[in-house]
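What follows is a single structure, written as structure tokens, with notes after it.
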Amino acid sequence: MNLKYNRFAMISSYPSIRVDGATRILAGERPLWAEIDGIDPAGLQHLEELLQTRGNPDDWPTYTGDRDKAIQEGKDYLVRLAQRHHINLDPLHPLVCYGAKDACPPRFLRYRTYPNYINPNGVILTE
């Protein structure tokens, strides 16, 4: 089973989590950012293998991966997620990271990479 881009399938495969029918996993109004997941592609592959061989997440060893690759995967995922939901990002700069406190809008945190929406008052990606 390839769970690389099907996180719903991965979550629903845990024995202690029951997902029944058309379910959405909502966690609030905080905007999504690229660094939120913190797992690189090799780490995700490692988790897939553990899921198939060990089943119970409590028995899995700790994995520490490549932070730069994890952030890049997060950036790529945000762009794909926006495309999938027909949310328009700036075509030249689809992502933005605010370094200066004065430039950082409310609800955003400095040094996180966010989608750069064409219409920031429209539909946005949230947790």
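Labeling convention for the structure tokens: chains A, B, ... as they appear, residues from 1 per chain, ligands from 1 in order of appearance.
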
Query - Contact residues around Tyr117 (chain A) with only C-alpha atoms at 12 Å, ignoring same-chain residues under 2 positions, as a list of chain:residue names - result: A:Pro31, A:Leu78, A:Val79, A:Ala82, A:Gln83, A:His86, A:Ile87, A:Asn88, A:Leu89, A:Asp90, A:Pro91, A:Leu92, A:His93, A:Pro94, A:Leu95, A:Val96, A:Tyr114, A:Pro115, A:Asn119, A:Pro120, A:Asn121, A:Gly122, A:Val123, A:Ile124, A:Leu125
